[in-house]
$ cat coords11.tsv   # TSV, C-alpha atoms
chain	number	residue	atom	x	y	z
A	1094	MET	CA	14.48	0.29	-4.53
A	1095	ASN	CA	11.13	-1.42	-5.08
A	1096	SER	CA	9.87	0.00	-8.38
A	1097	LYS	CA	6.34	-1.18	-7.59
A	1098	ILE	CA	6.01	1.40	-4.81
A	1099	LYS	CA	4.39	4.62	-6.01
A	1100	ILE	CA	5.10	7.97	-4.38
A	1101	GLU	CA	2.37	10.58	-4.31
A	1102	ALA	CA	2.47	14.21	-3.30
A	1103	SER	CA	-0.34	15.53	-1.12
A	1104	VAL	CA	-1.17	18.77	-2.90
A	1105	ALA	CA	-2.87	20.16	0.22
A	1106	CYS	CA	0.60	20.43	1.77
A	1107	ALA	CA	2.15	22.32	-1.14
A	1108	ASN	CA	3.12	26.00	-1.09
A	1109	PHE	CA	0.24	27.60	-3.01
A	1110	ARG	CA	2.20	30.82	-3.49
A	1111	ASN	CA	4.49	28.76	-5.70
A	1112	LEU	CA	2.26	25.87	-6.76
A	1113	GLU	CA	3.40	25.70	-10.37
A	1114	GLY	CA	7.03	25.89	-9.32
A	1115	GLU	CA	6.58	23.03	-6.89
A	1116	ILE	CA	4.75	20.97	-9.50
A	1117	ARG	CA	7.73	21.45	-11.82
A	1118	GLU	CA	9.95	20.12	-9.01
A	1119	MET	CA	7.61	17.14	-8.64
A	1120	GLU	CA	7.91	16.43	-12.35
A	1121	LEU	CA	11.70	16.40	-12.08
A	1122	SER	CA	11.45	14.17	-9.01
A	1123	GLY	CA	9.34	11.59	-10.82
A	1124	ILE	CA	6.31	11.83	-8.52
A	1125	ASP	CA	3.84	9.14	-9.61
A	1126	TYR	CA	0.58	10.82	-8.60
A	1127	LEU	CA	-0.77	14.05	-7.18
A	1128	HIS	CA	-3.07	13.29	-4.26
A	1129	ILE	CA	-6.05	15.64	-4.12
A	1130	ASP	CA	-7.95	15.88	-0.82
A	1131	ILE	CA	-11.46	17.28	-1.11
A	1132	MET	CA	-13.29	17.96	2.17
A	1133	ASP	CA	-16.74	19.36	2.86
A	1134	GLY	CA	-16.46	20.46	6.48
A	1135	MET	CA	-19.04	17.82	7.43
A	1136	PHE	CA	-17.48	14.38	7.02
A	1137	VAL	CA	-14.27	15.83	8.44
A	1138	PRO	CA	-13.98	19.09	10.43
A	1139	ASN	CA	-12.11	20.98	7.76
A	1140	PHE	CA	-12.30	22.26	4.20
A	1141	CYS	CA	-9.58	21.56	1.66
A	1142	LEU	CA	-9.04	21.56	-2.09
A	1143	ASP	CA	-11.75	21.83	-4.71
A	1144	PHE	CA	-12.33	20.97	-8.35
A	1145	SER	CA	-11.09	24.34	-9.59
A	1146	ILE	CA	-7.66	23.44	-8.18
A	1147	MET	CA	-7.81	20.13	-10.03
A	1148	LYS	CA	-8.68	21.91	-13.26
A	1149	THR	CA	-5.76	24.31	-12.83
A	1150	ILE	CA	-3.35	21.47	-12.09
A	1151	SER	CA	-4.52	19.52	-15.14
A	1152	GLU	CA	-3.67	22.53	-17.30
A	1153	ILE	CA	-0.06	22.78	-16.11
A	1154	THR	CA	1.12	19.19	-15.70
A	1155	ASP	CA	0.71	15.65	-16.99
A	1156	ILE	CA	1.31	14.10	-13.55
A	1157	PRO	CA	-1.81	12.00	-13.00
A	1158	MET	CA	-4.15	12.94	-10.16
A	1159	GLU	CA	-6.02	10.73	-7.74
A	1160	CYS	CA	-8.87	12.19	-5.72
A	1161	HIS	CA	-9.75	11.43	-2.09
A	1162	LEU	CA	-13.34	12.52	-1.41
A	1163	MET	CA	-13.75	13.14	2.32
A	1164	ILE	CA	-17.35	14.24	1.93
A	1165	GLU	CA	-20.84	13.14	2.84
A	1166	ASN	CA	-22.79	11.44	0.06
A	1167	PRO	CA	-19.79	11.34	-2.30
A	1168	GLU	CA	-21.95	10.07	-5.17
A	1169	ARG	CA	-22.87	13.73	-5.75
A	1170	TYR	CA	-19.33	14.57	-6.87
A	1171	ILE	CA	-17.88	11.37	-8.29
A	1172	GLU	CA	-18.70	12.37	-11.86
A	1173	LYS	CA	-17.18	15.83	-11.35
A	1174	ALA	CA	-13.97	14.32	-9.97
A	1175	ALA	CA	-13.78	12.04	-13.00
A	1176	GLN	CA	-14.31	14.98	-15.36
A	1177	MET	CA	-11.34	16.75	-13.76
A	1178	GLY	CA	-9.06	13.89	-14.84
A	1179	SER	CA	-8.85	11.69	-11.74
A	1180	LYS	CA	-7.20	8.33	-12.36
A	1181	TYR	CA	-8.41	7.03	-8.97
A	1182	ILE	CA	-11.32	8.20	-6.85
A	1183	SER	CA	-11.59	7.04	-3.24
A	1184	ILE	CA	-14.50	7.48	-0.85
A	1185	HIS	CA	-15.20	6.47	2.75
A	1186	THR	CA	-17.45	3.59	3.74
A	1187	GLU	CA	-19.13	5.74	6.42
A	1188	ALA	CA	-20.01	8.49	3.93
A	1189	THR	CA	-22.57	6.56	1.89
A	1190	HIS	CA	-25.29	3.97	2.43
A	1191	HIS	CA	-24.41	2.28	-0.86
A	1192	VAL	CA	-20.66	1.61	-1.00
A	1193	GLN	CA	-20.73	-1.06	-3.70
A	1194	ARG	CA	-22.95	1.09	-5.92
A	1195	ALA	CA	-20.50	3.96	-5.57
A	1196	MET	CA	-17.62	1.69	-6.61
A	1197	VAL	CA	-19.55	0.66	-9.71
A	1198	GLN	CA	-20.28	4.33	-10.44
A	1199	ILE	CA	-16.58	5.20	-10.27
A	1200	ARG	CA	-15.52	2.36	-12.54
A	1201	GLY	CA	-18.34	3.14	-14.94
A	1202	LEU	CA	-16.70	6.51	-15.56
A	1203	GLY	CA	-13.45	4.83	-16.58
A	1204	VAL	CA	-11.74	5.63	-13.26
A	1205	LYS	CA	-10.13	3.24	-10.77
A	1206	SER	CA	-12.10	2.83	-7.55
A	1207	GLY	CA	-10.82	3.20	-4.01
A	1208	ILE	CA	-12.23	2.78	-0.53
A	1209	ALA	CA	-10.72	4.67	2.40
A	1210	LEU	CA	-10.60	3.21	5.91
A	1211	ASN	CA	-10.40	5.53	8.90
A	1212	PRO	CA	-8.12	4.33	11.72
A	1213	ALA	CA	-11.04	2.82	13.67
A	1214	THR	CA	-12.84	1.36	10.64
A	1215	PRO	CA	-12.62	-2.46	10.68
A	1216	ILE	CA	-11.30	-4.22	7.60
A	1217	SER	CA	-14.42	-6.42	7.59
A	1218	VAL	CA	-16.10	-3.69	5.53
A	1219	LEU	CA	-14.03	-4.97	2.59
A	1220	ASP	CA	-15.52	-8.46	2.65
A	1221	TYR	CA	-18.10	-8.01	-0.09
A	1222	ILE	CA	-16.58	-5.32	-2.28
A	1223	LEU	CA	-13.12	-6.66	-3.16
A	1224	GLU	CA	-14.22	-7.46	-6.71
A	1225	ASP	CA	-15.18	-3.81	-7.17
A	1226	LEU	CA	-11.94	-2.29	-5.84
A	1227	ASP	CA	-8.68	-1.11	-7.37
A	1228	MET	CA	-7.27	0.57	-4.27
A	1229	ILE	CA	-7.66	0.49	-0.48
A	1230	VAL	CA	-6.62	3.61	1.42
A	1231	ILE	CA	-5.38	3.03	4.96
A	1232	LEU	CA	-5.64	6.25	6.97
A	1233	THR	CA	-2.89	6.13	9.60
A	1234	VAL	CA	-4.18	9.35	11.19
A	1235	ASN	CA	-7.71	10.62	11.61
A	1236	PRO	CA	-8.62	12.45	8.39
A	1237	GLY	CA	-8.92	16.21	8.14
A	1238	PHE	CA	-5.59	17.76	9.09
A	1239	ALA	CA	-1.93	17.46	8.06
A	1240	GLY	CA	0.90	17.09	10.55
A	1241	GLN	CA	-0.65	14.52	12.88
A	1242	ALA	CA	1.25	11.72	14.60
A	1243	LEU	CA	0.88	8.18	13.33
A	1244	ILE	CA	-1.61	5.97	15.18
A	1245	PRO	CA	0.63	2.95	15.90
A	1246	GLY	CA	-2.01	0.26	15.45
A	1247	THR	CA	-2.54	1.24	11.83
A	1248	ILE	CA	0.74	-0.41	10.78
A	1249	GLY	CA	-0.73	-3.74	11.81
A	1250	LYS	CA	-3.86	-2.83	9.87
A	1251	ILE	CA	-1.83	-2.42	6.67
A	1252	ARG	CA	-0.42	-5.90	7.25
A	1253	GLU	CA	-3.87	-7.36	7.88
A	1254	VAL	CA	-5.21	-5.88	4.66
A	1255	ARG	CA	-2.22	-7.21	2.69
A	1256	GLU	CA	-2.77	-10.69	4.15
A	1257	LEU	CA	-6.49	-10.50	3.33
A	1258	LEU	CA	-5.85	-9.51	-0.29
A	1259	ASP	CA	-3.21	-12.20	-0.81
A	1260	ARG	CA	-5.42	-14.85	0.79
A	1261	LYS	CA	-8.49	-13.92	-1.25
A	1262	GLY	CA	-6.63	-13.67	-4.56
A	1263	PHE	CA	-6.75	-9.88	-4.89
A	1264	SER	CA	-3.04	-9.09	-4.63
A	1265	ASN	CA	-3.41	-6.70	-7.56
A	1266	ILE	CA	-5.37	-4.21	-5.44
A	1267	GLU	CA	-3.17	-1.29	-4.41
A	1268	ILE	CA	-2.75	-0.42	-0.73
A	1269	GLN	CA	-2.32	3.31	-0.30
A	1270	VAL	CA	-1.16	4.75	3.01
A	1271	ASP	CA	-2.14	8.30	3.92
A	1272	GLY	CA	-1.04	10.05	7.11
A	1273	ASN	CA	2.39	10.76	8.63
A	1274	VAL	CA	4.22	9.00	5.80
A	1275	SER	CA	7.55	10.07	7.29
A	1276	MET	CA	11.08	8.88	6.65
A	1277	GLU	CA	10.85	6.94	9.90
A	1278	ASN	CA	7.52	5.31	9.07
A	1279	ILE	CA	7.99	4.53	5.36
A	1280	PRO	CA	10.01	1.30	5.88
A	1281	LYS	CA	7.39	0.00	8.32
A	1282	MET	CA	4.56	0.82	5.91
A	1283	VAL	CA	6.24	-0.80	2.92
A	1284	ASN	CA	7.23	-3.87	4.91
A	1285	ALA	CA	3.62	-4.21	6.04
A	1286	GLY	CA	2.42	-4.24	2.43
A	1287	ALA	CA	1.81	-0.66	1.27
A	1288	THR	CA	2.24	0.01	-2.46
A	1289	MET	CA	1.28	3.72	-2.64
A	1290	LEU	CA	2.68	6.35	-0.25
A	1291	VAL	CA	1.05	9.76	0.12
A	1292	GLY	CA	3.78	12.16	1.18
A	1293	GLY	CA	2.97	15.42	2.93
A	1294	THR	CA	4.69	17.64	5.47
A	1295	SER	CA	6.74	14.78	6.94
A	1296	SER	CA	8.30	13.66	3.65
A	1297	VAL	CA	7.71	15.28	0.23
A	1298	PHE	CA	7.29	18.79	1.67
A	1299	ARG	CA	9.82	18.70	4.52
A	1300	LYS	CA	11.09	22.06	5.71
A	1301	GLY	CA	14.68	22.72	4.78
A	1302	HIS	CA	14.75	20.18	1.95
A	1303	SER	CA	13.86	20.41	-1.72
A	1304	ILE	CA	11.14	18.18	-3.10
A	1305	LYS	CA	13.72	16.35	-5.19
A	1306	GLU	CA	15.93	15.70	-2.16
A	1307	SER	CA	12.98	14.44	-0.16
A	1308	VAL	CA	11.64	12.14	-2.88
A	1309	THR	CA	15.12	10.71	-3.46
A	1310	MET	CA	15.42	9.95	0.24
A	1311	MET	CA	11.96	8.37	0.32
A	1312	ARG	CA	12.93	6.01	-2.51
A	1313	SER	CA	16.12	5.02	-0.72
A	1314	LEU	CA	14.08	3.64	2.18
A	1315	TYR	CA	12.50	0.70	0.36
$ encode --input "coords11.tsv" --output "structure tokens"
Amino acid sequence: MNSKIKIEASVACANFRNLEGEIREMELSGIDYLHIDIMDGMFVPNFCLDFSIMKTISEITDIPMECHLMIENPERYIEKAAQMGSKYISIHTEATHHVQRAMVQIRGLGVKSGIALNPATPISVLDYILEDLDMIVILTVNPGFAGQALIPGTIGKIREVRELLDRKGFSNIEIQVDGNVSMENIPKMVNAGATMLVGGTSSVFRKGHSIKESVTMMRSLY
């Protein structure tokens, strides 16, 4: 097992009728982060979690949260996400005219900064913001909905980002993968250079398996 790989649970995929119970299972499983998707129905065609959910979670567990803002003009809510206890906040390059400024805003609040790349977003957008980044999120499906199939070309994109970071001297930047992080795809993602895996319906929350069983299996794959 590679201890540098972090496993995250996508809270949007949890059973909200038993959210606290599932969080207790995550604690026992040693989940590294809770991944919080916040959507506005504009940047992506869906709505998802909100800051009240983050507040509730912060009151019942010490598992750290990281927040993925899939919203237009994310600068409006960066401070709120930080106030809710986010350890990382990631935004999309297409959602703001001032990406670098947003990264500085996130770090200025004592939070680690992340930039999320949609499947068709070129990695060239990273060229002038690497010094301001702590995490790069590679979306291996189009954002907005759980349960989608992996877009095959995104595995190569993970590898390209890893090569870029190593070549430029930014190997410390985390590469998070979000989208169809399944038992089949995890080895490919890790081998390509991923360091953070967001598990949803195809791994952490698999039907017919406990969270602990699923997380144990995920860790056996790298």
$ residues_around --input "coords11.tsv" --residues "Ile1229 in chain A" --least-positions-apart "4" --cutoff "7 Å" --atoms "all atoms listed in the file" --output "PyMOL selection string"
chain A and resi 1207-1209+1267-1269
$ atom_distance --input "coords11.tsv" --atom1 "CA of Ser1217 in chain A" --atom2 "CA of Glu1277 in chain A"
28.7 Å
$ closest_residue --input "coords11.tsv" --among "A:Arg1110, A:Ile1171, A:Ala1285, A:Ile1124" --to "Tyr1315 in chain A" --atoms "only C-alpha atoms"
A:Ala1285
$ atom_distance --input "coords11.tsv" --atom1 "CA of Thr1247 in chain A" --atom2 "CA of Asp1143 in chain A"
28.0 Å
$ residues_around --input "coords11.tsv" --residues "Ile1231 in chain A" --least-positions-apart "4" --cutoff "7 Å" --atoms "all atoms listed in the file" --output "PyMOL selection string"
chain A and resi 1209-1211+1251+1269-1271
$ write_last_selection --input "coords11.tsv" --atoms "C-alpha atoms" --output "PDB file, in the coordinates of the input"
ATOM      1  CA  ALA A1209     -10.720   4.670   2.400  1.00  0.00           C
ATOM      2  CA  LEU A1210     -10.600   3.210   5.910  1.00  0.00           C
ATOM      3  CA  ASN A1211     -10.400   5.530   8.900  1.00  0.00           C
ATOM      4  CA  ILE A1251      -1.830  -2.420   6.670  1.00  0.00           C
ATOM      5  CA  GLN A1269      -2.320   3.310  -0.300  1.00  0.00           C
ATOM      6  CA  VAL A1270      -1.160   4.750   3.010  1.00  0.00           C
ATOM      7  CA  ASP A1271      -2.140   8.300   3.920  1.00  0.00           C
TER       8      ASP A1271
END
$ closest_residue --input "coords11.tsv" --among "A:Asp1227, A:Glu1113, A:Glu1168, A:Glu1120" --to "Gln1198 in chain A" --atoms "only C-alpha atoms"
A:Glu1168
$ closest_residue --input "coords11.tsv" --among "A:Phe1140, A:Met1158, A:Val1204, A:Thr1186" --to "Glu1172 in chain A" --atoms "all atoms listed in the file"
A:Val1204
$ residues_around --input "coords11.tsv" --residues "Ile1131 in chain A" --least-positions-apart "4" --cutoff "7 Å" --atoms "all atoms listed in the file" --output "list in words"
Cys1141, Leu1142, Asp1143, His1161, Leu1162 and Met1163 of chain A
$ closest_residue --input "coords11.tsv" --among "A:Ile1164, A:Leu1121, A:Leu1223, A:Val1104" --to "Ile1304 in chain A" --atoms "all atoms listed in the file"
A:Leu1121
$ closest_residue --input "coords11.tsv" --among "A:Ala1287, A:Val1218, A:Ile1244, A:Cys1160" --to "Met1177 in chain A" --atoms "all atoms listed in the file"
A:Cys1160
$ closest_residue --input "coords11.tsv" --among "A:Val1192, A:Met1132, A:Val1283, A:Met1147" --to "Leu1314 in chain A" --atoms "all atoms listed in the file"
A:Val1283
$ atom_distance --input "coords11.tsv" --atom1 "CA of Ser1264 in chain A" --atom2 "CA of Leu1226 in chain A"
11.3 Å
$ residues_near_point --input "coords11.tsv" --point "(-6.2, 18.8, -15.5)" --cutoff "12 Å" --atoms "all atoms listed in the file" --output "list of chain:residue names"
A:Leu1127, A:Ile1129, A:Phe1144, A:Ser1145, A:Ile1146, A:Met1147, A:Lys1148, A:Thr1149, A:Ile1150, A:Ser1151, A:Glu1152, A:Ile1153, A:Thr1154, A:Asp1155, A:Ile1156, A:Pro1157, A:Met1158, A:Glu1159, A:Ala1174, A:Ala1175, A:Gln1176, A:Met1177, A:Gly1178, A:Ser1179, A:Lys1180
$ residues_around --input "coords11.tsv" --residues "Asn1166 in chain A" --least-positions-apart "3" --cutoff "9 Å" --atoms "all atoms listed in the file" --output "list in words"
Arg1169, Tyr1170, Ala1188, Thr1189 and His1190 of chain A
$ residues_around --input "coords11.tsv" --residues "range 1096-1102 of chain A" --least-positions-apart "2" --cutoff "8 Å" --atoms "only C-alpha atoms" --output "ChimeraX atom specification"
/A:1094,1104,1119,1124-1128,1287-1293,1297,1308
